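Asker: entry37.txt is the file, holding compact mmCIF, C-alpha atoms and all ligand atoms:
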```
# COMPACT_ATOMS: atom_id res chain seq x y z
CA MET A 1 -23.68 -27.42 6.13
CA SER A 2 -25.33 -30.52 4.62
CA ASN A 3 -28.93 -30.13 3.61
CA ALA A 4 -31.71 -32.51 4.52
CA ILE A 5 -33.69 -33.28 1.37
CA GLU A 6 -37.40 -33.85 1.62
CA LYS A 7 -39.61 -35.01 -1.27
CA VAL A 8 -43.27 -34.00 -1.47
CA ASP A 9 -46.01 -33.83 -4.06
CA CYS A 10 -47.33 -30.46 -2.92
CA LEU A 11 -45.44 -27.69 -1.17
CA ILE A 12 -47.33 -24.61 -0.03
CA ILE A 13 -45.29 -21.52 0.78
CA GLY A 14 -47.12 -19.05 3.01
CA SER A 15 -49.87 -19.29 5.59
CA GLY A 16 -52.47 -16.58 4.99
CA PRO A 17 -56.02 -17.31 3.82
CA ALA A 18 -54.70 -18.32 0.37
CA GLY A 19 -52.13 -20.78 1.74
CA TYR A 20 -54.44 -22.37 4.30
CA THR A 21 -57.28 -22.76 1.80
CA ALA A 22 -54.89 -24.37 -0.68
CA ALA A 23 -53.82 -26.69 2.16
CA ILE A 24 -57.40 -27.67 3.04
CA TYR A 25 -58.17 -28.58 -0.58
CA ALA A 26 -54.83 -30.27 -1.26
CA ALA A 27 -55.01 -32.30 1.96
CA ARG A 28 -58.57 -33.43 1.26
CA ALA A 29 -57.41 -34.48 -2.22
CA ALA A 30 -54.78 -36.70 -0.54
CA LEU A 31 -51.81 -34.70 -1.86
CA LYS A 32 -50.27 -34.70 1.65
CA PRO A 33 -49.30 -31.04 1.45
CA LEU A 34 -46.33 -29.65 3.32
CA MET A 35 -46.70 -25.99 4.30
CA TYR A 36 -43.99 -23.59 5.38
CA THR A 37 -45.59 -20.66 7.16
CA GLY A 38 -43.10 -17.86 6.55
CA MET A 39 -42.00 -15.44 9.25
CA GLN A 40 -45.51 -14.25 10.06
CA PRO A 41 -47.71 -17.35 10.44
CA GLY A 42 -51.25 -16.40 9.53
CA GLY A 43 -50.12 -13.46 7.40
CA GLN A 44 -51.58 -9.97 7.27
CA LEU A 45 -54.77 -10.93 9.11
CA THR A 46 -52.80 -11.51 12.26
CA ILE A 47 -52.12 -7.78 12.48
CA THR A 48 -55.74 -6.73 12.04
CA THR A 49 -58.38 -6.72 14.73
CA GLU A 50 -62.03 -7.35 13.93
CA VAL A 51 -62.92 -8.99 10.60
CA GLU A 52 -66.58 -8.46 9.73
CA ASN A 53 -66.67 -9.12 6.02
CA TYR A 54 -65.61 -12.77 5.84
CA PRO A 55 -68.67 -14.90 5.06
CA GLY A 56 -69.49 -17.47 7.72
CA TYR A 57 -68.70 -15.27 10.71
CA PRO A 58 -71.99 -13.37 11.17
CA LYS A 59 -70.82 -11.82 14.43
CA GLY A 60 -67.35 -10.97 13.11
CA ILE A 61 -64.11 -12.44 14.37
CA GLN A 62 -60.66 -11.25 15.39
CA GLY A 63 -58.16 -11.64 12.52
CA PRO A 64 -55.68 -13.81 14.51
CA GLU A 65 -58.50 -16.07 15.76
CA MET A 66 -59.79 -16.52 12.21
CA MET A 67 -56.35 -17.62 11.06
CA GLU A 68 -56.23 -20.14 13.93
CA ASP A 69 -59.52 -21.56 12.57
CA PHE A 70 -58.03 -21.77 9.07
CA LYS A 71 -54.97 -23.51 10.47
CA ALA A 72 -57.02 -26.01 12.50
CA GLN A 73 -59.06 -26.86 9.41
CA ALA A 74 -55.91 -27.42 7.33
CA GLU A 75 -54.42 -29.59 10.09
CA ARG A 76 -57.60 -31.60 10.48
CA PHE A 77 -57.05 -33.08 7.00
CA GLY A 78 -53.39 -33.79 7.60
CA THR A 79 -51.45 -30.77 6.33
CA ASP A 80 -47.91 -30.82 7.68
CA ILE A 81 -47.51 -27.22 8.86
CA ARG A 82 -44.05 -26.03 9.81
CA PHE A 83 -42.52 -22.71 10.74
CA GLY A 84 -39.87 -21.77 8.22
CA TYR A 85 -38.94 -19.27 5.57
CA ALA A 86 -38.35 -20.10 1.90
CA SER A 87 -35.10 -18.38 1.04
CA LYS A 88 -34.24 -19.72 -2.45
CA VAL A 89 -35.85 -21.67 -5.28
CA ASP A 90 -34.69 -23.53 -8.38
CA PHE A 91 -37.44 -24.15 -10.91
CA THR A 92 -35.18 -25.61 -13.62
CA GLY A 93 -36.41 -29.18 -13.61
CA PRO A 94 -39.72 -30.96 -13.44
CA VAL A 95 -39.01 -31.35 -9.73
CA HIS A 96 -38.99 -27.93 -8.08
CA LYS A 97 -36.39 -27.22 -5.45
CA VAL A 98 -37.10 -24.88 -2.56
CA TRP A 99 -34.68 -24.11 0.27
CA ILE A 100 -36.10 -23.44 3.71
CA ASP A 101 -34.01 -21.38 6.14
CA GLU A 102 -30.99 -22.53 4.12
CA THR A 103 -30.96 -25.85 5.99
CA THR A 104 -33.79 -27.86 4.46
CA GLU A 105 -34.13 -28.61 0.77
CA VAL A 106 -37.59 -29.55 -0.43
CA HIS A 107 -38.09 -31.29 -3.77
CA ALA A 108 -41.69 -30.75 -4.76
CA ASN A 109 -43.70 -31.92 -7.74
CA THR A 110 -45.96 -28.91 -7.30
CA VAL A 111 -45.40 -25.62 -5.50
CA ILE A 112 -48.22 -23.29 -4.50
CA ILE A 113 -46.87 -19.81 -3.84
CA ALA A 114 -49.02 -18.03 -1.24
CA THR A 115 -46.46 -15.62 0.14
CA GLY A 116 -48.81 -12.62 0.18
CA ALA A 117 -47.93 -8.97 0.25
CA SER A 118 -47.02 -6.51 2.96
CA ALA A 119 -48.51 -3.07 3.32
CA LYS A 120 -46.02 -0.24 3.20
CA TRP A 121 -46.02 2.02 6.23
CA LEU A 122 -44.84 5.57 6.85
CA GLY A 123 -42.38 4.44 9.50
CA LEU A 124 -43.60 6.61 12.38
CA HIS A 125 -43.36 5.19 15.87
CA SER A 126 -46.91 6.37 16.65
CA GLU A 127 -48.17 4.61 13.54
CA GLU A 128 -46.80 1.31 14.82
CA ARG A 129 -48.01 1.89 18.38
CA LEU A 130 -51.59 2.67 17.27
CA ASN A 131 -51.79 0.00 14.58
CA GLY A 132 -55.13 -1.72 15.04
CA PHE A 133 -56.26 1.09 17.36
CA GLY A 134 -57.31 3.55 14.70
CA VAL A 135 -54.38 3.07 12.35
CA SER A 136 -55.12 0.74 9.46
CA ALA A 137 -53.82 -0.12 6.01
CA CYS A 138 -57.19 -1.33 4.73
CA ALA A 139 -60.19 0.97 4.40
CA VAL A 140 -62.45 -1.78 3.09
CA CYS A 141 -61.64 -3.89 6.18
CA ASP A 142 -61.79 -1.21 8.84
CA GLY A 143 -63.67 1.83 7.44
CA PHE A 144 -66.94 0.63 8.93
CA PHE A 145 -65.62 1.16 12.47
CA PHE A 146 -65.37 4.90 11.77
CA LYS A 147 -68.91 5.42 10.56
CA GLY A 148 -69.97 9.06 11.03
CA GLN A 149 -66.49 10.05 12.24
CA ASP A 150 -63.64 12.11 10.77
CA VAL A 151 -60.70 10.18 9.32
CA ALA A 152 -57.50 10.77 7.36
CA ILE A 153 -55.91 8.75 4.60
CA VAL A 154 -52.33 9.05 3.34
CA GLY A 155 -51.43 8.32 -0.26
CA ALA A 156 -52.23 9.55 -3.74
CA GLY A 157 -52.35 6.45 -5.94
CA ASP A 158 -55.41 4.57 -7.21
CA THR A 159 -55.74 2.65 -3.95
CA ALA A 160 -55.74 5.81 -1.80
CA ALA A 161 -58.20 7.51 -4.17
CA GLU A 162 -60.49 4.48 -4.20
CA GLU A 163 -60.29 4.06 -0.42
CA ALA A 164 -60.87 7.80 0.18
CA THR A 165 -64.12 7.67 -1.82
CA TYR A 166 -65.08 4.45 -0.03
CA LEU A 167 -64.49 6.10 3.35
CA ALA A 168 -66.37 9.24 2.25
CA LYS A 169 -69.55 7.17 1.98
CA LEU A 170 -69.24 6.04 5.59
CA CYS A 171 -67.48 8.86 7.38
CA LYS A 172 -68.39 12.46 8.10
CA LYS A 173 -65.17 13.89 6.70
CA VAL A 174 -62.10 12.45 5.00
CA TYR A 175 -58.76 14.25 4.83
CA MET A 176 -56.55 12.92 2.05
CA ILE A 177 -52.89 13.62 2.74
CA VAL A 178 -50.87 13.91 -0.49
CA ARG A 179 -47.11 14.41 -0.24
CA ARG A 180 -46.68 16.19 -3.62
CA GLY A 181 -48.61 18.93 -5.42
CA GLU A 182 -50.45 16.33 -7.49
CA MET A 183 -51.86 12.86 -7.27
CA ARG A 184 -50.52 9.77 -8.95
CA ALA A 185 -54.00 8.21 -9.32
CA SER A 186 -55.70 7.97 -12.72
CA LYS A 187 -57.45 11.15 -13.86
CA ALA A 188 -60.86 9.51 -13.45
CA MET A 189 -60.10 8.56 -9.83
CA GLN A 190 -58.70 12.03 -9.10
CA GLN A 191 -61.89 13.61 -10.44
CA ARG A 192 -63.98 11.34 -8.28
CA VAL A 193 -62.00 12.40 -5.21
CA LEU A 194 -62.14 16.09 -6.06
CA ASN A 195 -65.88 15.92 -6.74
CA THR A 196 -66.66 14.31 -3.40
CA THR A 197 -67.69 17.13 -1.10
CA ASN A 198 -66.65 15.53 2.19
CA ILE A 199 -63.09 14.77 1.04
CA GLU A 200 -60.55 17.53 1.64
CA VAL A 201 -57.28 16.95 -0.20
CA LEU A 202 -54.22 18.34 1.56
CA PHE A 203 -51.50 18.63 -1.09
CA ASP A 204 -47.76 19.05 -0.32
CA SER A 205 -48.43 17.55 3.07
CA GLU A 206 -46.70 15.02 5.25
CA THR A 207 -47.68 13.38 8.50
CA LYS A 208 -45.51 14.41 11.42
CA GLU A 209 -47.20 12.38 14.10
CA ILE A 210 -50.34 10.44 14.92
CA LEU A 211 -51.64 11.46 18.33
CA GLY A 212 -53.58 9.50 20.92
CA GLU A 213 -52.91 7.44 24.04
CA LYS A 214 -54.95 4.27 23.53
CA SER A 215 -56.44 5.04 20.12
CA VAL A 216 -56.09 7.67 17.41
CA GLU A 217 -57.28 11.12 18.50
CA ALA A 218 -55.60 13.41 15.94
CA ALA A 219 -52.87 13.69 13.32
CA LEU A 220 -50.25 16.41 12.98
CA ILE A 221 -49.73 17.42 9.35
CA TYR A 222 -46.99 19.66 7.96
CA ASN A 223 -47.39 21.57 4.71
CA ASN A 224 -44.07 21.73 2.86
CA LYS A 225 -45.08 24.79 0.83
CA THR A 226 -46.65 27.02 3.48
CA LYS A 227 -44.46 25.57 6.28
CA GLN A 228 -47.61 25.47 8.41
CA GLU A 229 -48.50 22.69 10.81
CA ARG A 230 -52.11 21.61 11.19
CA LYS A 231 -53.81 19.30 13.65
CA LEU A 232 -56.55 17.14 12.19
CA ASP A 233 -59.07 15.83 14.73
CA VAL A 234 -59.49 12.34 13.36
CA THR A 235 -60.23 9.00 14.99
CA GLY A 236 -59.13 6.86 12.05
CA PHE A 237 -55.83 7.06 10.19
CA PHE A 238 -55.52 5.02 7.01
CA VAL A 239 -52.26 4.39 5.19
CA ALA A 240 -52.57 3.59 1.48
CA ILE A 241 -49.11 4.12 0.10
CA GLY A 242 -48.81 0.81 -1.69
CA HIS A 243 -48.07 -2.84 -0.99
CA GLN A 244 -45.00 -4.92 -1.58
CA PRO A 245 -45.65 -8.47 -2.78
CA ASN A 246 -43.39 -10.98 -1.04
CA THR A 247 -42.06 -12.46 -4.26
CA ALA A 248 -38.37 -11.49 -4.40
CA ILE A 249 -37.07 -15.08 -4.36
CA PHE A 250 -39.09 -15.94 -7.48
CA LYS A 251 -38.00 -13.03 -9.64
CA ASP A 252 -35.45 -14.98 -11.70
CA TRP A 253 -37.99 -17.69 -12.49
CA LEU A 254 -41.47 -16.26 -12.94
CA ASP A 255 -43.02 -13.43 -14.95
CA MET A 256 -43.97 -10.49 -12.80
CA ASP A 257 -45.40 -7.04 -13.37
CA GLU A 258 -43.34 -3.93 -12.63
CA SER A 259 -44.33 -4.00 -8.94
CA GLY A 260 -43.36 -7.65 -8.43
CA TYR A 261 -46.81 -9.27 -8.54
CA ILE A 262 -46.55 -12.75 -10.12
CA LYS A 263 -48.30 -13.08 -13.46
CA THR A 264 -50.66 -16.03 -13.80
CA ILE A 265 -52.56 -17.31 -16.81
CA PRO A 266 -55.89 -15.42 -16.56
CA GLY A 267 -58.62 -17.42 -14.91
CA THR A 268 -56.12 -19.88 -13.39
CA SER A 269 -53.37 -19.96 -10.78
CA LYS A 270 -50.81 -21.28 -13.29
CA THR A 271 -47.51 -19.49 -13.71
CA LYS A 272 -45.30 -19.91 -16.74
CA ILE A 273 -43.57 -22.86 -15.03
CA LYS A 274 -45.47 -26.12 -15.07
CA GLY A 275 -46.34 -27.31 -11.58
CA VAL A 276 -45.79 -23.88 -10.00
CA PHE A 277 -48.92 -21.98 -9.02
CA ALA A 278 -49.38 -18.52 -7.50
CA VAL A 279 -52.35 -17.55 -5.35
CA GLY A 280 -53.53 -14.75 -3.06
CA ASP A 281 -51.93 -11.33 -2.77
CA ALA A 282 -48.63 -12.49 -4.28
CA GLN A 283 -50.46 -12.31 -7.62
CA ASP A 284 -53.38 -9.95 -6.90
CA LYS A 285 -52.90 -6.23 -6.51
CA VAL A 286 -56.50 -5.28 -7.18
CA TYR A 287 -58.82 -7.09 -4.74
CA ARG A 288 -56.52 -8.12 -1.86
CA GLN A 289 -59.30 -9.43 0.39
CA ALA A 290 -59.14 -12.48 2.66
CA VAL A 291 -62.07 -14.00 0.81
CA THR A 292 -60.58 -13.48 -2.66
CA ALA A 293 -57.23 -14.82 -1.43
CA ALA A 294 -58.99 -17.91 -0.04
CA GLY A 295 -60.80 -18.40 -3.34
CA SER A 296 -57.58 -18.28 -5.29
CA GLY A 297 -55.93 -20.67 -2.80
CA CYS A 298 -58.65 -23.17 -3.67
CA MET A 299 -57.86 -22.65 -7.37
CA GLY A 300 -54.17 -23.31 -6.67
CA ALA A 301 -54.88 -26.65 -5.02
CA LEU A 302 -57.28 -27.75 -7.77
CA ASP A 303 -54.77 -26.73 -10.46
CA ALA A 304 -52.00 -28.61 -8.62
CA GLU A 305 -54.16 -31.71 -8.26
CA ARG A 306 -55.04 -31.67 -11.99
CA TYR A 307 -51.42 -31.14 -12.96
CA LEU A 308 -50.31 -34.13 -10.86
CA ALA A 309 -52.99 -36.26 -12.51
CA GLU A 310 -51.96 -35.07 -15.99
CA VAL A 311 -48.31 -35.98 -15.45
CA GLY A 312 -49.33 -39.29 -13.93
CA ILE A 313 -48.01 -38.69 -10.40
CA HIS A 314 -51.35 -38.76 -8.61
P1 LIG A 401 -48.97 3.32 -5.93
O1 LIG A 401 -47.59 2.88 -5.83
O2 LIG A 401 -49.58 3.53 -7.28
O3 LIG A 401 -49.14 4.69 -5.16
C1 LIG A 401 -48.60 4.89 -3.90
C2 LIG A 401 -48.90 6.31 -3.47
O4 LIG A 401 -48.44 6.47 -2.15
C3 LIG A 401 -48.24 7.36 -4.34
O5 LIG A 401 -49.12 8.43 -4.57
C4 LIG A 401 -47.06 7.81 -3.48
O6 LIG A 401 -46.73 9.17 -3.62
C5 LIG A 401 -47.61 7.63 -2.09
N1 LIG A 401 -46.54 7.38 -1.13
C6 LIG A 401 -45.57 6.44 -1.19
N2 LIG A 401 -44.78 6.51 -0.11
C7 LIG A 401 -45.26 7.53 0.63
C8 LIG A 401 -44.89 8.10 1.87
N3 LIG A 401 -43.85 7.62 2.57
N4 LIG A 401 -45.60 9.16 2.34
C9 LIG A 401 -46.65 9.62 1.66
N5 LIG A 401 -47.08 9.13 0.49
C10 LIG A 401 -46.38 8.09 -0.01
O7 LIG A 401 -49.82 2.26 -5.04
P2 LIG A 401 -51.37 1.90 -5.09
O8 LIG A 401 -51.57 0.91 -4.00
O9 LIG A 401 -52.20 3.10 -5.09
O10 LIG A 401 -51.56 1.16 -6.48
C11 LIG A 401 -50.76 0.05 -6.83
C12 LIG A 401 -51.12 -0.38 -8.25
O11 LIG A 401 -52.43 -0.95 -8.28
C13 LIG A 401 -51.13 0.76 -9.25
O12 LIG A 401 -50.66 0.29 -10.49
C14 LIG A 401 -52.59 1.11 -9.35
O13 LIG A 401 -52.93 1.74 -10.57
C15 LIG A 401 -53.25 -0.27 -9.20
N6 LIG A 401 -54.61 -0.16 -8.67
C16 LIG A 401 -55.63 -0.14 -9.54
C17 LIG A 401 -56.92 -0.03 -9.10
C18 LIG A 401 -58.01 -0.02 -10.09
O14 LIG A 401 -57.74 -0.06 -11.28
N7 LIG A 401 -59.25 0.06 -9.65
C19 LIG A 401 -57.24 0.06 -7.67
C20 LIG A 401 -56.09 0.04 -6.83
C21 LIG A 401 -54.83 -0.04 -7.33
P3 LIG A 401 -46.02 9.77 -4.94
O15 LIG A 401 -47.11 9.85 -5.95
O16 LIG A 401 -45.55 11.07 -4.48
O17 LIG A 401 -44.94 8.81 -5.29
```
In structure tokens, how does this file's structure come out?
Answerer:
Amino acid sequence: MSNAIEKVDCLIIGSGPAGYTAAIYAARAALKPLMYTGMQPGGQLTITTEVENYPGYPKGIQGPEMMEDFKAQAERFGTDIRFGYASKVDFTGPVHKVWIDETTEVHANTVIIATGASAKWLGLHSEERLNGFGVSACAVCDGFFFKGQDVAIVGAGDTAAEEATYLAKLCKKVYMIVRRGEMRASKAMQQRVLNTTNIEVLFDSETKEILGEKSVEAALIYNNKTKQERKLDVTGFFVAIGHQPNTAIFKDWLDMDESGYIKTIPGTSKTKIKGVFAVGDAQDKVYRQAVTAAGSGCMGALDAERYLAEVGIH
């Protein structure tokens, strides 16, 4: 199949808050950005419900609606937004090659990687069915909706420990479901969990099912040691078993940490390849908020603009 080749100054891969913010800044700087959205236009926010912590929306907003606003703002300044999936890259030369859906070849002077990360899920049918109706992968985003209620959280890493203590401040009771006899989280985080009186840690436990018709009403937990089943009466069920950054196609080209998060020069969005920038969750495993992703998207566009000026292209 012959490839159509397209030449641009600024290619943005991914369409979450980081990608759209990069697009708004790049378009206003007259870089004529081309954006490929990826398979899930709008990113992780399109699978959440109410967003109450993004500044500028005092009454809150639905995640998908917020991403429509981001998109409209990026389009207003002329971003060329297209549905498509980046499947391969070649960062050998000063011009960066990116293949979209294996049919289009883009030659870009700068590339802003905003491919995000995906939450890992347990894989239960009930988890999928009740996603957004009591099931969530983000305690900071959704914990508030369970104020004064009983909730459960699965996981035993630093994120789960941090989110369990966060939830404990809002909720009446937090059950932390840990699949082994110990936690993976740092000792300090473990101590914080164990010293919080309204967190009950259930070791050696796995989730059998999340129950509820329209929203979460309970969770069925099985203890692998005692072989006992227990029903937890919870209205919120949080999954914190890690995230997977969507960075596989860049692994031969960019430095990454052991989990696949792209390494950038601290305080910038620059990767080790000149003209290639990484923003949002693809390079951030600590904060992972829409607002921090948007902030880093802005950095990506400003870094790209400065790079193009430095090399005399713009
Ligand atoms: P991790 O990969 O560190 O931990 C994932 C946890 O989920 C593990 O305890 C794992 O269990 C458990 N798990 C995985 N799959 C399942 C499953 N199917 N069922 C039940 N449990 C499961 O991910 P985190 O998001 O916690 O952290 C990612 C990285 O970010 C880490 O390096 C962490 O240190 C860092 N981080 C640092 C923070 C900080 O410094 N403040 C805050 C948040 C994260 P098991 O242990 O049995 O494998």
Asker: Let me make sure I understand: among A:Arg82, A:Arg28, A:Lys71, A:Lys231, which one has the smallest atom-to-atom distance to Tyr175 in chain A if we use all atoms listed in the file?
Answerer: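 Under the stated criterion, the closest residue is A:Lys231.
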Asker: Give the residue list for ligand LIG 401 (chain A) at 7 Å, counting only C-alpha atoms and all ligand atoms, as a compact mmCIF listing (two decimals) with C-alpha atoms, in the frame of the given file, sorted by chain and then by residue number.
Answerer:
```txt
# COMPACT_ATOMS: atom_id res chain seq x y z
CA LEU A 122 -44.84 5.57 6.85
CA VAL A 154 -52.33 9.05 3.34
CA GLY A 155 -51.43 8.32 -0.26
CA ALA A 156 -52.23 9.55 -3.74
CA GLY A 157 -52.35 6.45 -5.94
CA ASP A 158 -55.41 4.57 -7.21
CA THR A 159 -55.74 2.65 -3.95
CA ALA A 160 -55.74 5.81 -1.80
CA GLU A 162 -60.49 4.48 -4.20
CA VAL A 178 -50.87 13.91 -0.49
CA ARG A 179 -47.11 14.41 -0.24
CA ARG A 180 -46.68 16.19 -3.62
CA MET A 183 -51.86 12.86 -7.27
CA ARG A 184 -50.52 9.77 -8.95
CA ALA A 185 -54.00 8.21 -9.32
CA GLU A 206 -46.70 15.02 5.25
CA ALA A 240 -52.57 3.59 1.48
CA ILE A 241 -49.11 4.12 0.10
CA GLY A 242 -48.81 0.81 -1.69
CA HIS A 243 -48.07 -2.84 -0.99
CA LYS A 285 -52.90 -6.23 -6.51
CA VAL A 286 -56.50 -5.28 -7.18
```
Asker: Can I get the residues of range 87-112 of chain A within 12 Å of range 254-272 of chain A, each with the closest pair of atoms and their distance in Å to one decimal, using all atoms listed in the file, sorted chain first then ascending number, as a tab-separated table?
Answerer:
```
residue	atom	partner	partner_atom	distance
A:Val89	CA	A:Leu254	CA	10.9
A:Asp90	CA	A:Leu254	CA	10.9
A:Phe91	CA	A:Leu254	CA	9.1
A:Thr92	CA	A:Leu254	CA	11.3
A:Thr110	CA	A:Lys270	CA	10.8
A:Val111	CA	A:Lys270	CA	10.4
A:Ile112	CA	A:Ser269	CA	8.8
```
Asker: What does the distance between CA of Gln191 in chain A and CA of Thr226 in chain A come to in Å, to one decimal place?
Answerer: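 It comes out at 24.6 Å.
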Asker: Figure out the distance between CA of Ser118 in chain A and CA of Gly212 in chain A, please, to one decimal in Å.
Answerer: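 It comes out at 24.9 Å.
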Asker: Can you put N, CA and C atoms back into range 239-260 of chain A and show it as a tab-separated table (two decimals), in the frame of the given file?
Answerer:
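Heads up, here's the output in result-v9.tsv:
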```
chain	number	residue	atom	x	y	z
A	239	VAL	N	-53.48	4.27	5.98
A	239	VAL	CA	-52.26	4.39	5.19
A	239	VAL	C	-52.46	3.59	3.91
A	240	ALA	N	-52.35	4.26	2.78
A	240	ALA	CA	-52.57	3.59	1.48
A	240	ALA	C	-51.47	4.02	0.52
A	241	ILE	N	-50.26	3.67	0.89
A	241	ILE	CA	-49.11	4.12	0.10
A	241	ILE	C	-48.48	2.94	-0.67
A	242	GLY	N	-49.27	1.93	-0.87
A	242	GLY	CA	-48.81	0.81	-1.69
A	242	GLY	C	-48.51	-0.44	-0.88
A	243	HIS	N	-48.41	-1.55	-1.59
A	243	HIS	CA	-48.07	-2.84	-0.99
A	243	HIS	C	-46.86	-3.39	-1.69
A	244	GLN	N	-46.15	-4.25	-1.00
A	244	GLN	CA	-45.00	-4.92	-1.58
A	244	GLN	C	-45.29	-6.42	-1.59
A	245	PRO	N	-45.45	-7.01	-2.78
A	245	PRO	CA	-45.65	-8.47	-2.78
A	245	PRO	C	-44.39	-9.17	-2.33
A	246	ASN	N	-44.56	-10.26	-1.57
A	246	ASN	CA	-43.39	-10.98	-1.04
A	246	ASN	C	-42.95	-12.05	-2.05
A	247	THR	N	-42.35	-11.57	-3.13
A	247	THR	CA	-42.06	-12.46	-4.26
A	247	THR	C	-40.60	-12.39	-4.71
A	248	ALA	N	-39.76	-11.73	-3.94
A	248	ALA	CA	-38.37	-11.49	-4.40
A	248	ALA	C	-37.64	-12.77	-4.80
A	249	ILE	N	-37.85	-13.87	-4.06
A	249	ILE	CA	-37.07	-15.08	-4.36
A	249	ILE	C	-37.49	-15.74	-5.69
A	250	PHE	N	-38.61	-15.30	-6.24
A	250	PHE	CA	-39.09	-15.94	-7.48
A	250	PHE	C	-38.75	-15.11	-8.72
A	251	LYS	N	-38.10	-13.97	-8.52
A	251	LYS	CA	-38.00	-13.03	-9.64
A	251	LYS	C	-37.18	-13.55	-10.83
A	252	ASP	N	-36.23	-14.44	-10.58
A	252	ASP	CA	-35.45	-14.98	-11.70
A	252	ASP	C	-36.18	-16.10	-12.44
A	253	TRP	N	-37.33	-16.50	-11.94
A	253	TRP	CA	-37.99	-17.69	-12.49
A	253	TRP	C	-39.34	-17.41	-13.10
A	254	LEU	N	-40.08	-16.47	-12.52
A	254	LEU	CA	-41.47	-16.26	-12.94
A	254	LEU	C	-41.67	-14.88	-13.55
A	255	ASP	N	-42.68	-14.75	-14.42
A	255	ASP	CA	-43.02	-13.43	-14.95
A	255	ASP	C	-43.73	-12.63	-13.87
A	256	MET	N	-43.35	-11.37	-13.80
A	256	MET	CA	-43.97	-10.49	-12.80
A	256	MET	C	-44.27	-9.15	-13.44
A	257	ASP	N	-45.19	-8.39	-12.85
A	257	ASP	CA	-45.40	-7.04	-13.37
A	257	ASP	C	-44.34	-6.12	-12.74
A	258	GLU	N	-44.40	-4.84	-13.06
A	258	GLU	CA	-43.34	-3.93	-12.63
A	258	GLU	C	-43.26	-3.77	-11.11
A	259	SER	N	-44.36	-4.11	-10.40
A	259	SER	CA	-44.33	-4.00	-8.94
A	259	SER	C	-43.93	-5.29	-8.25
A	260	GLY	N	-43.77	-6.38	-9.05
A	260	GLY	CA	-43.36	-7.65	-8.43
A	260	GLY	C	-44.49	-8.62	-8.19
```
